[in-house]
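Asker: See structure38.cif below, with mmCIF, C-alpha atoms.
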```
data_work
#
loop_
_atom_site.label_atom_id
_atom_site.label_comp_id
_atom_site.auth_asym_id
_atom_site.auth_seq_id
_atom_site.Cartn_x
_atom_site.Cartn_y
_atom_site.Cartn_z
CA MET A 1 31.60 -29.10 27.94
CA GLN A 2 31.12 -27.67 31.44
CA HIS A 3 34.58 -26.14 31.24
CA ASN A 4 33.73 -24.77 27.83
CA GLN A 5 30.52 -23.24 29.17
CA GLN A 6 32.35 -21.60 32.04
CA GLU A 7 35.05 -20.26 29.75
CA PHE A 8 32.37 -18.86 27.46
CA LEU A 9 30.62 -17.15 30.38
CA GLU A 10 33.89 -15.49 31.34
CA ILE A 11 34.45 -14.26 27.81
CA ILE A 12 30.95 -12.81 27.68
CA GLU A 13 31.46 -11.16 31.05
CA THR A 14 34.74 -9.59 29.88
CA ASN A 15 33.14 -8.36 26.67
CA LYS A 16 29.70 -7.37 27.95
CA ARG A 17 30.33 -3.68 27.22
CA LEU A 18 31.19 -4.49 23.62
CA ILE A 19 27.90 -6.40 23.23
CA PHE A 20 25.93 -3.61 24.88
CA LYS A 21 27.51 -0.86 22.78
CA ILE A 22 26.76 -2.74 19.57
CA CYS A 23 23.15 -3.39 20.65
CA ASN A 24 22.72 0.22 21.69
CA SER A 25 24.02 1.48 18.35
CA TYR A 26 21.77 -0.74 16.24
CA CYS A 27 18.57 -0.62 18.35
CA GLN A 28 16.81 2.40 19.78
CA ASN A 29 14.16 0.39 21.55
CA ALA A 30 14.98 -1.40 24.86
CA ASP A 31 13.02 -4.56 23.95
CA ASP A 32 14.83 -4.82 20.63
CA ARG A 33 18.13 -4.29 22.41
CA GLU A 34 17.37 -7.13 24.79
CA ASP A 35 16.39 -9.38 21.90
CA LEU A 36 19.49 -8.48 19.89
CA ALA A 37 21.78 -9.09 22.89
CA GLN A 38 20.27 -12.56 23.32
CA GLU A 39 20.65 -13.31 19.62
CA ILE A 40 24.31 -12.18 19.67
CA ILE A 41 25.14 -14.30 22.72
CA PHE A 42 23.33 -17.28 21.24
CA GLN A 43 25.23 -17.01 17.93
CA LEU A 44 28.53 -16.55 19.79
CA TRP A 45 27.80 -19.69 21.78
CA LYS A 46 26.83 -21.58 18.62
CA SER A 47 30.14 -20.66 16.98
CA TRP A 48 32.20 -21.04 20.14
CA GLY A 49 32.91 -24.73 19.49
CA SER A 50 34.39 -24.00 16.07
CA PHE A 51 36.47 -21.01 17.15
CA THR A 52 40.11 -21.45 16.09
CA ASN A 53 43.14 -19.28 16.56
CA GLU A 54 43.08 -18.32 12.89
CA TYR A 55 41.83 -14.89 13.99
CA LYS A 56 42.05 -12.97 17.24
CA LEU A 57 39.22 -13.59 19.71
CA SER A 58 38.14 -9.95 19.35
CA THR A 59 37.98 -10.28 15.53
CA TRP A 60 35.80 -13.37 15.86
CA MET A 61 33.54 -11.66 18.43
CA TYR A 62 33.13 -8.46 16.44
CA ARG A 63 32.38 -10.36 13.24
CA ILE A 64 29.58 -12.35 14.87
CA ALA A 65 28.16 -9.51 16.96
CA LEU A 66 28.15 -7.03 14.06
CA ASN A 67 26.82 -9.57 11.55
CA VAL A 68 23.95 -10.44 13.88
CA ALA A 69 23.30 -6.76 14.65
CA ILE A 70 23.22 -5.75 10.96
CA SER A 71 20.95 -8.69 10.09
CA PHE A 72 18.70 -7.84 13.03
CA TYR A 73 18.61 -4.17 12.02
CA ARG A 74 17.49 -5.14 8.52
CA LYS A 75 14.77 -7.50 9.70
CA GLU A 76 11.13 -6.50 9.16
CA GLN A 77 9.76 -8.25 12.21
CA LYS A 78 12.23 -7.63 15.00
CA THR A 79 10.91 -9.75 17.87
CA THR A 80 12.15 -13.34 17.87
CA ASN A 81 11.97 -15.98 20.59
CA THR A 82 13.46 -13.95 23.41
CA ILE A 83 13.90 -15.78 26.70
CA LEU A 84 11.73 -14.15 29.32
CA MET A 85 12.25 -14.80 33.01
CA GLY A 86 9.57 -12.80 34.74
CA GLU A 87 10.91 -9.33 35.38
CA GLU A 88 14.49 -10.38 34.74
CA HIS A 89 16.38 -9.13 31.70
CA LEU A 90 19.65 -10.15 30.10
CA ILE A 91 20.86 -6.55 30.12
CA GLU A 92 20.75 -5.01 33.57
CA ILE A 93 21.83 -1.44 34.17
CA SER A 94 22.14 -0.40 37.79
CA ASP A 95 22.36 3.30 37.00
CA ASP A 96 18.93 4.31 35.68
CA ASN A 97 20.29 7.66 34.65
CA LEU A 98 23.19 6.28 32.66
CA GLU A 99 22.08 7.96 29.45
CA GLU A 100 20.92 11.16 31.16
CA GLY A 101 24.13 11.62 33.06
CA LEU A 102 26.25 11.51 29.96
CA GLU A 103 28.10 14.51 28.79
CA ALA A 104 26.37 16.43 25.99
CA ASN A 105 29.21 15.64 23.60
CA LEU A 106 28.81 11.92 24.18
CA THR A 107 25.07 12.14 23.58
CA ALA A 108 25.81 13.97 20.33
CA LEU A 109 28.35 11.28 19.38
CA GLN A 110 25.79 8.52 20.02
CA LYS A 111 23.21 10.37 17.97
CA PHE A 112 25.74 10.65 15.15
CA ILE A 113 26.46 6.89 15.31
CA ASN A 114 22.76 6.07 15.32
CA GLU A 115 22.25 8.06 12.14
CA LEU A 116 24.99 6.24 10.21
CA LYS A 117 24.23 3.49 7.67
CA PRO A 118 24.66 -0.04 9.15
CA LEU A 119 28.06 -0.71 7.55
CA ASP A 120 29.46 2.74 8.38
CA LYS A 121 28.16 2.28 11.91
CA ALA A 122 30.18 -0.96 12.24
CA LEU A 123 33.28 0.85 11.01
CA MET A 124 32.74 3.76 13.39
CA LEU A 125 32.30 1.44 16.38
CA LEU A 126 35.53 -0.36 15.52
CA TYR A 127 37.32 2.98 15.17
CA LEU A 128 36.08 4.13 18.58
CA GLU A 129 37.24 0.83 20.08
CA GLU A 130 40.68 1.69 18.66
CA LYS A 131 41.00 -1.36 16.46
CA SER A 132 43.87 -1.31 13.99
CA HIS A 133 43.09 -0.77 10.30
CA LYS A 134 44.25 -4.33 9.66
CA GLU A 135 41.81 -5.79 12.18
CA MET A 136 38.99 -3.57 10.96
CA ALA A 137 39.71 -4.78 7.41
CA GLU A 138 39.55 -8.41 8.59
CA ILE A 139 36.28 -7.85 10.42
CA ILE A 140 34.53 -5.88 7.68
CA GLY A 141 36.03 -7.59 4.63
CA ILE A 142 37.54 -4.63 2.80
CA THR A 143 41.15 -3.58 2.30
CA SER A 144 43.08 -1.58 4.91
CA THR A 145 43.35 1.30 2.42
CA ASN A 146 39.60 1.32 2.02
CA VAL A 147 39.19 1.28 5.81
CA ALA A 148 41.49 4.31 6.13
CA THR A 149 39.60 6.23 3.44
CA LYS A 150 36.20 5.49 4.91
CA ILE A 151 37.24 6.26 8.47
CA GLY A 152 38.65 9.56 7.24
CA ARG A 153 35.32 10.43 5.61
CA ILE A 154 33.28 9.48 8.68
CA LYS A 155 35.58 11.52 10.92
CA GLU A 156 35.17 14.49 8.63
CA GLN A 157 31.37 14.20 8.88
CA LEU A 158 31.65 13.93 12.64
CA LYS A 159 33.85 17.01 12.83
CA GLN A 160 31.35 19.00 10.79
CA LYS A 161 28.52 17.83 13.02
CA PHE A 162 30.31 18.89 16.16
CA SER A 163 31.43 22.22 14.79
CA ALA A 164 27.87 22.95 13.68
CA GLN A 165 26.71 22.33 17.24
CA HIS A 166 29.17 24.67 18.89
CA MET B 1 36.52 18.30 18.39
CA GLU B 2 39.80 16.42 17.84
CA ASN B 3 40.07 12.67 17.23
CA ILE B 4 41.74 12.06 20.55
CA GLU B 5 38.91 13.84 22.35
CA ILE B 6 36.34 11.64 20.61
CA ILE B 7 38.22 8.49 21.58
CA ASN B 8 38.47 9.71 25.17
CA LEU B 9 34.77 10.46 25.21
CA TRP B 10 34.10 6.87 24.17
CA LYS B 11 36.46 5.57 26.86
CA GLN B 12 34.60 7.62 29.42
CA TYR B 13 31.36 5.97 28.29
CA ASP B 14 33.04 2.57 28.53
CA GLU B 15 34.08 3.27 32.13
CA LYS B 16 30.55 4.28 33.04
CA LEU B 17 29.25 1.07 31.53
CA GLU B 18 31.80 -1.00 33.41
CA LYS B 19 30.35 0.31 36.66
CA SER B 20 26.68 0.04 35.85
CA LEU B 21 26.24 -2.78 33.31
CA SER B 22 25.72 -6.41 34.16
CA LEU B 23 24.45 -9.40 32.19
CA ASN B 24 22.04 -11.89 33.72
CA LYS B 25 23.98 -15.18 33.90
CA LYS B 26 20.79 -17.22 34.31
CA ILE B 27 19.59 -16.07 30.90
CA ILE B 28 23.01 -16.71 29.33
CA THR B 29 22.98 -20.26 30.71
CA GLU B 30 19.46 -20.67 29.32
CA LEU B 31 20.70 -19.46 25.92
CA GLN B 32 23.54 -21.99 26.02
CA GLN B 33 21.00 -24.76 26.40
CA GLN B 34 18.86 -23.62 23.48
CA LYS B 35 19.33 -25.30 20.16
CA ALA B 36 16.65 -23.79 18.02
CA LYS B 37 16.98 -20.03 18.41
CA ASN B 38 18.06 -18.75 15.06
CA ALA B 39 17.29 -15.54 13.23
CA LEU B 40 17.13 -17.43 9.92
CA ARG B 41 14.74 -20.07 11.18
CA PRO B 42 11.47 -18.46 9.96
CA ALA B 43 12.89 -18.08 6.44
CA ARG B 44 14.14 -21.66 6.48
CA ASN B 45 10.83 -23.06 7.72
CA TYR B 46 8.93 -21.19 5.02
CA LYS B 47 11.23 -22.55 2.32
CA ILE B 48 10.93 -26.11 3.66
CA LEU B 49 7.15 -25.77 3.43
CA VAL B 50 7.37 -24.44 -0.15
CA VAL B 51 9.71 -27.29 -1.14
CA PHE B 52 7.35 -29.85 0.40
CA ILE B 53 4.29 -28.42 -1.39
CA GLY B 54 6.31 -28.12 -4.62
CA ILE B 55 7.45 -31.75 -4.49
CA VAL B 56 3.93 -33.05 -3.78
CA TYR B 57 2.47 -30.88 -6.55
CA SER B 58 5.17 -31.88 -9.07
CA ALA B 59 4.70 -35.56 -8.20
CA LEU B 60 0.95 -35.26 -8.81
CA VAL B 61 1.45 -33.45 -12.12
CA GLY B 62 4.09 -36.04 -13.13
CA TYR B 63 1.75 -38.90 -12.26
CA PHE B 64 -1.08 -37.25 -14.17
CA LEU B 65 1.17 -36.66 -17.19
CA TYR B 66 2.48 -40.25 -17.16
CA HIS B 67 -1.06 -41.62 -17.41
CA LEU B 68 -2.16 -38.97 -19.88
CA ILE B 69 0.62 -39.42 -22.48
CA PRO B 70 -1.01 -42.28 -24.43
CA PHE B 71 -4.37 -40.49 -24.72
CA ALA B 72 -3.69 -36.78 -24.96
CA SER B 73 -2.44 -34.77 -27.92
CA ILE B 74 1.23 -33.88 -28.23
CA PHE B 75 0.38 -30.25 -27.40
CA VAL B 76 -1.29 -31.18 -24.10
CA ASN B 77 1.63 -33.45 -23.18
CA LEU B 78 4.20 -30.85 -24.16
CA SER B 79 2.41 -28.05 -22.27
CA ILE B 80 2.10 -30.09 -19.08
CA GLY B 81 5.70 -31.27 -19.53
CA ILE B 82 6.97 -27.68 -19.73
CA HIS B 83 4.89 -26.72 -16.69
CA LEU B 84 6.31 -29.70 -14.77
CA LEU B 85 9.89 -28.92 -15.82
CA ILE B 86 9.56 -25.32 -14.62
CA MET B 87 8.06 -26.45 -11.31
CA VAL B 88 10.94 -28.89 -10.81
CA ILE B 89 13.49 -26.12 -11.54
CA ALA B 90 11.72 -23.79 -9.06
CA VAL B 91 11.71 -26.48 -6.35
CA GLY B 92 15.39 -27.15 -7.10
CA MET B 93 16.16 -23.45 -6.65
CA TYR B 94 14.40 -23.43 -3.29
CA ILE B 95 16.38 -26.52 -2.22
CA ARG B 96 19.57 -24.69 -3.21
CA GLN B 97 18.47 -21.72 -1.06
CA LEU B 98 18.02 -24.10 1.88
CA VAL B 99 21.56 -25.39 1.37
CA LEU B 100 22.84 -21.79 1.28
CA ILE B 101 20.97 -20.98 4.51
CA SER B 102 22.63 -23.96 6.21
CA GLU B 103 26.03 -22.70 5.02
CA ILE B 104 25.66 -19.21 6.46
CA ASP B 105 28.37 -18.58 9.01
CA CYS B 106 28.14 -15.50 11.23
CA SER B 107 31.88 -15.55 11.90
CA GLU B 108 32.68 -14.73 8.26
CA ASN B 109 33.69 -11.16 7.48
CA ILE B 110 30.74 -8.77 7.49
CA LEU B 111 30.57 -7.91 3.79
CA HIS B 112 30.80 -11.55 2.72
CA MET B 113 28.11 -12.74 5.12
CA GLN B 114 25.74 -9.82 4.54
CA GLN B 115 26.14 -10.17 0.77
CA LYS B 116 25.23 -13.87 1.04
CA MET B 117 22.16 -13.07 3.15
CA ALA B 118 20.93 -10.30 0.86
CA LYS B 119 21.53 -12.43 -2.27
CA LEU B 120 19.66 -15.28 -0.67
CA GLN B 121 16.64 -13.08 0.00
CA SER B 122 16.63 -11.50 -3.43
CA SER B 123 17.10 -14.88 -5.21
CA THR B 124 13.40 -15.51 -4.53
CA LEU B 125 12.81 -13.09 -7.41
CA LYS B 126 14.71 -15.44 -9.75
CA VAL B 127 12.29 -18.25 -8.88
CA ILE B 128 9.34 -15.97 -9.71
CA GLY B 129 11.04 -15.02 -13.00
CA ILE B 130 11.48 -18.70 -13.97
CA CYS B 131 7.80 -19.35 -13.24
CA PHE B 132 6.83 -16.67 -15.75
CA LEU B 133 8.52 -18.73 -18.50
CA GLN B 134 5.56 -21.12 -18.49
CA PHE B 135 3.19 -18.37 -19.67
CA PRO B 136 2.82 -19.68 -23.26
CA VAL B 137 1.65 -23.14 -22.16
CA PHE B 138 -1.68 -21.57 -21.20
CA ALA B 139 -2.26 -21.06 -24.93
CA THR B 140 -0.59 -24.17 -26.32
CA TRP B 141 -2.30 -26.98 -24.45
CA ASN B 142 -5.53 -26.69 -26.45
CA ILE B 143 -3.98 -26.68 -29.94
CA ARG B 144 -5.42 -29.46 -32.10
CA LEU B 145 -4.01 -30.49 -35.46
CA GLU B 146 -7.51 -31.22 -36.90
CA LEU B 147 -8.64 -27.68 -36.03
CA ILE B 148 -5.54 -26.18 -37.70
CA GLU B 149 -6.36 -28.12 -40.87
CA LYS B 150 -10.05 -27.20 -40.73
CA ASN B 151 -9.64 -23.58 -39.77
CA PRO B 152 -6.05 -22.50 -40.46
CA LEU B 153 -6.85 -18.77 -40.33
CA ALA B 154 -8.05 -18.98 -36.73
CA PHE B 155 -4.78 -20.64 -35.78
CA TRP B 156 -2.41 -18.34 -37.73
CA LEU B 157 -4.27 -15.13 -36.97
CA VAL B 158 -5.47 -15.71 -33.41
CA GLN B 159 -3.87 -18.58 -31.55
CA LEU B 160 -0.31 -18.23 -32.83
CA PRO B 161 -0.11 -14.47 -32.12
CA VAL B 162 -1.49 -15.14 -28.60
CA ILE B 163 1.21 -17.83 -28.05
CA LEU B 164 3.91 -15.47 -29.34
CA LEU B 165 2.63 -12.64 -27.17
CA LEU B 166 2.58 -14.84 -24.04
CA THR B 167 6.07 -16.13 -24.91
CA TYR B 168 7.29 -12.55 -25.24
CA ILE B 169 5.64 -11.54 -21.94
CA GLY B 170 7.07 -14.62 -20.18
CA ILE B 171 10.62 -13.98 -21.44
CA TRP B 172 10.32 -10.25 -20.69
CA PHE B 173 9.34 -10.92 -17.09
CA TYR B 174 12.02 -13.61 -16.75
CA ARG B 175 14.67 -11.13 -17.86
CA ASN B 176 13.33 -8.10 -16.03
CA ILE B 177 12.22 -9.40 -12.64
CA ASN B 178 15.42 -8.63 -10.82
CA ILE B 179 16.74 -6.28 -8.20
CA LYS B 180 18.05 -3.82 -10.81
CA ASN B 181 14.46 -2.92 -11.71
CA MET B 182 13.08 -2.63 -8.21
CA ASP B 183 12.65 1.14 -8.45
CA LYS B 184 10.53 0.91 -11.62
CA ARG B 185 6.80 1.51 -11.37
CA TRP B 186 5.68 -1.81 -12.90
CA PHE B 187 7.93 -3.68 -10.46
CA ARG B 188 6.48 -1.88 -7.46
CA MET B 189 2.96 -2.61 -8.71
CA ILE B 190 3.63 -6.37 -8.90
CA PHE B 191 5.72 -6.69 -5.76
CA TYR B 192 3.58 -4.59 -3.49
CA GLY B 193 3.05 -5.44 0.17
CA VAL B 194 4.79 -6.45 3.36
CA GLU B 195 5.83 -9.89 2.10
CA TRP B 196 7.91 -8.31 -0.66
CA SER B 197 9.36 -5.39 1.25
CA ALA B 198 12.06 -7.58 2.86
CA ILE B 199 13.20 -8.70 -0.60
CA ILE B 200 13.17 -5.13 -1.93
CA LYS B 201 15.14 -3.99 1.12
CA SER B 202 17.69 -6.73 0.60
CA GLY B 203 18.14 -5.52 -2.97
CA LYS B 204 18.76 -1.99 -1.73
CA PHE B 205 21.20 -3.32 0.83
CA LEU B 206 23.09 -5.21 -1.89
CA LYS B 207 23.54 -1.87 -3.68
CA GLU B 208 24.70 -0.34 -0.41
CA ILE B 209 27.27 -3.14 0.00
CA GLU B 210 28.50 -2.59 -3.58
CA ASN B 211 28.97 1.12 -2.90
CA PHE B 212 30.65 0.40 0.40
CA GLU B 213 33.20 -1.85 -1.29
CA LYS B 214 34.25 1.00 -3.56
CA ILE B 215 36.93 3.34 -2.25
#
```
Can you present the structure in this file as structure tokens?

Answerer:
Amino acid sequence: MQHNQQEFLEIIETNKRLIFKICNSYCQNADDREDLAQEIIFQLWKSWGSFTNEYKLSTWMYRIALNVAISFYRKEQKTTNTILMGEEHLIEISDDNLEEGLEANLTALQKFINELKPLDKALMLLYLEEKSHKEMAEIIGITSTNVATKIGRIKEQLKQKFSAQH
Amino acid sequence: MENIEIINLWKQYDEKLEKSLSLNKKIITELQQQKAKNALRPARNYKILVVFIGIVYSALVGYFLYHLIPFASIFVNLSIGIHLLIMVIAVGMYIRQLVLISEIDCSENILHMQQKMAKLQSSTLKVIGICFLQFPVFATWNIRLELIEKNPLAFWLVQLPVILLLTYIGIWFYRNINIKNMDKRWFRMIFYGVEWSAIIKSGKFLKEIENFEKI
């Protein structure tokens, strides 16, 4: 169990950016983001014992993280039983100006992602993480052809958005 | 902006995060020790409470009916029997929802899991629809054969049309209380308020999933 716990901690550490990017795309508010991150890690831990090699680790992680994020996004009352440790937070960002320092194009890209519907948002995040169409299909639950069509449409929207800005 | 530029932009963001982002291990360890944190827990607790109240209520009605059968008219017995049957079906449906909640697995593919969740939420409407089927019993329990013989016109011209009207209303609601009608005015008037908005939203999300599945 101890070994399992340690292994899990390492996996979370390796994939912390993935968790943060998903939380950031589905929650605008910092408190919600913190709550969602805790919920994702809790659900990953809950499923960790039953993880098999049937799918890739990344497929398993994305499925859980995105499922929890979409469910959280749809919830009326967002706040659940977040663990609070004084001033400590699960998500800690050392650079306070992380968002401010970003290039204008990246800010525009994030704004575009935030405006997408929850399922399109999941697809867009997977595309940006350079997942193959096959893996995206396995995570989302649609065919690879459907993935290709939808990604094409989203990219077209994105192109229009950027060209309208410049 | 070209696709490759967008991907590179995202990589640049990822690099920035790598340098500045950290997760508090103390909180992760705390999360690993938790057993009860679950997003579905409030919904499950509410349903357990409804099932408990439903079982107690049905048991009381059943007990009352059992002792009433020898004394009451067939119409009273039949009306209470129908009411009890519908309550038992509704409780059964809630128990089924609890089983479905326990079967929800976050590691399933997104469409499958989200569809299950949204269907689960909107299935509460089916329970309400079933409850409407007992409408006519409010007009059947007081039928008395002696009164029909004494005053047949009152029965045929007043009571029977009322029973038929309530039956029609009950069946109409049973058939029409569903997600497909959620945009209709009458539906919004009945299911108005915060407690229903989650169910309405889940219905909308089911439509969104259906559209998403289409190429």

Asker: Can you check which residues of chain A have any atom within 7 Å of chain B? Use only C-alpha atoms and format it as a list in words.

Answerer: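 The selection requested is Arg17, Phe42, Trp45, Trp60, Arg63, Ile64, Asn67, Glu76, Asn81, His89, Leu90, Ile91, Glu92, Ile93, Ser94, Asp95, Leu106, Leu128, Glu138, Ile139, Ile140, Gly141, Ile142, Asn146, Thr149, Lys159 and Phe162 of chain A.
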
Asker: Of the candidates B:Leu120, B:Leu164, B:Leu147, B:Ile80, which shows the shortest atom-to-atom distance to B:Ile199, using only C-alpha atoms?

Answerer: B:Leu120

Asker: What is the distance between atom CA of B:Leu60 and atom CA of B:Leu145, in Å to one decimal?

Answerer: 27.5 Å

Asker: Counting all atoms listed in the file, which residues sit no farther than 12 Å from the position (17.0, -19.2, -9.8) in the file's frame? I'd like them as a PyMOL selection string.

Answerer: chain B and resi 86-97+119-131+174-175+177-178

Asker: Could you write out as a list in words the residues that the PyMOL selection byres ((chain B and resi 64-67) around 10) matches in the shown file?

Answerer: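 What the PyMOL selection byres ((chain B and resi 64-67) around 10) grabs from the file is Ser58, Ala59, Leu60, Val61, Gly62, Tyr63, Leu68, Ile69, Pro70, Phe71, Ala72, Val76, Asn77, Leu78, Ile80, Gly81 and Leu84 of chain B.
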
Asker: Check which residues satisfy the PyMOL selection byres ((chain A and resi 134) around 12) in the file shown, then give them as a list of chain:residue names.

Answerer: A:Tyr55, A:Lys56, A:Thr59, A:Leu126, A:Tyr127, A:Glu130, A:Lys131, A:Ser132, A:His133, A:Glu135, A:Met136, A:Ala137, A:Glu138, A:Ile139, A:Ile140, A:Gly141, A:Ile142, A:Thr143, A:Ser144, A:Thr145, A:Asn146, A:Val147, A:Ala148

Asker: Excluding same-chain residues fewer than 2 positions from A:Leu158, what lies within 12 Å of it counting only C-alpha atoms, as a list in words?

Answerer: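 Using only C-alpha atoms, the neighbours found are Asn105, Ala108, Leu109, Gln110, Lys111, Phe112, Ile113, Glu115, Leu116, Met124, Ile151, Gly152, Arg153, Ile154, Lys155, Glu156, Gln160, Lys161, Phe162, Ser163, Ala164 and Gln165 of chain A; Met1, Glu2, Asn3 and Ile6 of chain B.
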
Asker: Can you spit out the residues from that selection as a tab-separated table (two decimals), in the coordinates of the input, using C-alpha atoms?

Answerer:
```
chain	number	residue	atom	x	y	z
A	105	ASN	CA	29.21	15.64	23.60
A	108	ALA	CA	25.81	13.97	20.33
A	109	LEU	CA	28.35	11.28	19.38
A	110	GLN	CA	25.79	8.52	20.02
A	111	LYS	CA	23.21	10.37	17.97
A	112	PHE	CA	25.74	10.65	15.15
A	113	ILE	CA	26.46	6.89	15.31
A	115	GLU	CA	22.25	8.06	12.14
A	116	LEU	CA	24.99	6.24	10.21
A	124	MET	CA	32.74	3.76	13.39
A	151	ILE	CA	37.24	6.26	8.47
A	152	GLY	CA	38.65	9.56	7.24
A	153	ARG	CA	35.32	10.43	5.61
A	154	ILE	CA	33.28	9.48	8.68
A	155	LYS	CA	35.58	11.52	10.92
A	156	GLU	CA	35.17	14.49	8.63
A	160	GLN	CA	31.35	19.00	10.79
A	161	LYS	CA	28.52	17.83	13.02
A	162	PHE	CA	30.31	18.89	16.16
A	163	SER	CA	31.43	22.22	14.79
A	164	ALA	CA	27.87	22.95	13.68
A	165	GLN	CA	26.71	22.33	17.24
B	1	MET	CA	36.52	18.30	18.39
B	2	GLU	CA	39.80	16.42	17.84
B	3	ASN	CA	40.07	12.67	17.23
B	6	ILE	CA	36.34	11.64	20.61
```

Asker: So how far away is atom CA of A:Val68 from atom CA of A:Ile40, in Å?

Answerer: 6.1 Å

Asker: As a check of understanding, name the residues that the PyMOL selection byres ((chain B and resi 142) around 12) selects in the supplied structure, as a PyMOL selection string.

Answerer: chain B and resi 72-80+136-141+143-148+155+159-160+163

Asker: Give me, please, the distance in Å between atom CA of A:Leu119 and atom CA of B:Leu98, quoted to one decimal.

Answerer: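 Taking atom CA of A:Leu119 as the start and atom CA of B:Leu98 as the end point, the length is 26.1 Å.
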
Asker: Rank A:Asp31, A:Arg74, A:Lys21, A:Gln5 by their smallest atom-to-atom distance to A:Leu44, using only C-alpha atoms, and report the top residue only.

Answerer: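 The shortest atom-to-atom distance to A:Leu44 comes from A:Gln5.
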
Asker: Taking all atoms listed in the file into account, which of A:Ala104, A:Met61, A:Ala122, A:Ala30 comes nearest A:Trp48?

Answerer: A:Met61
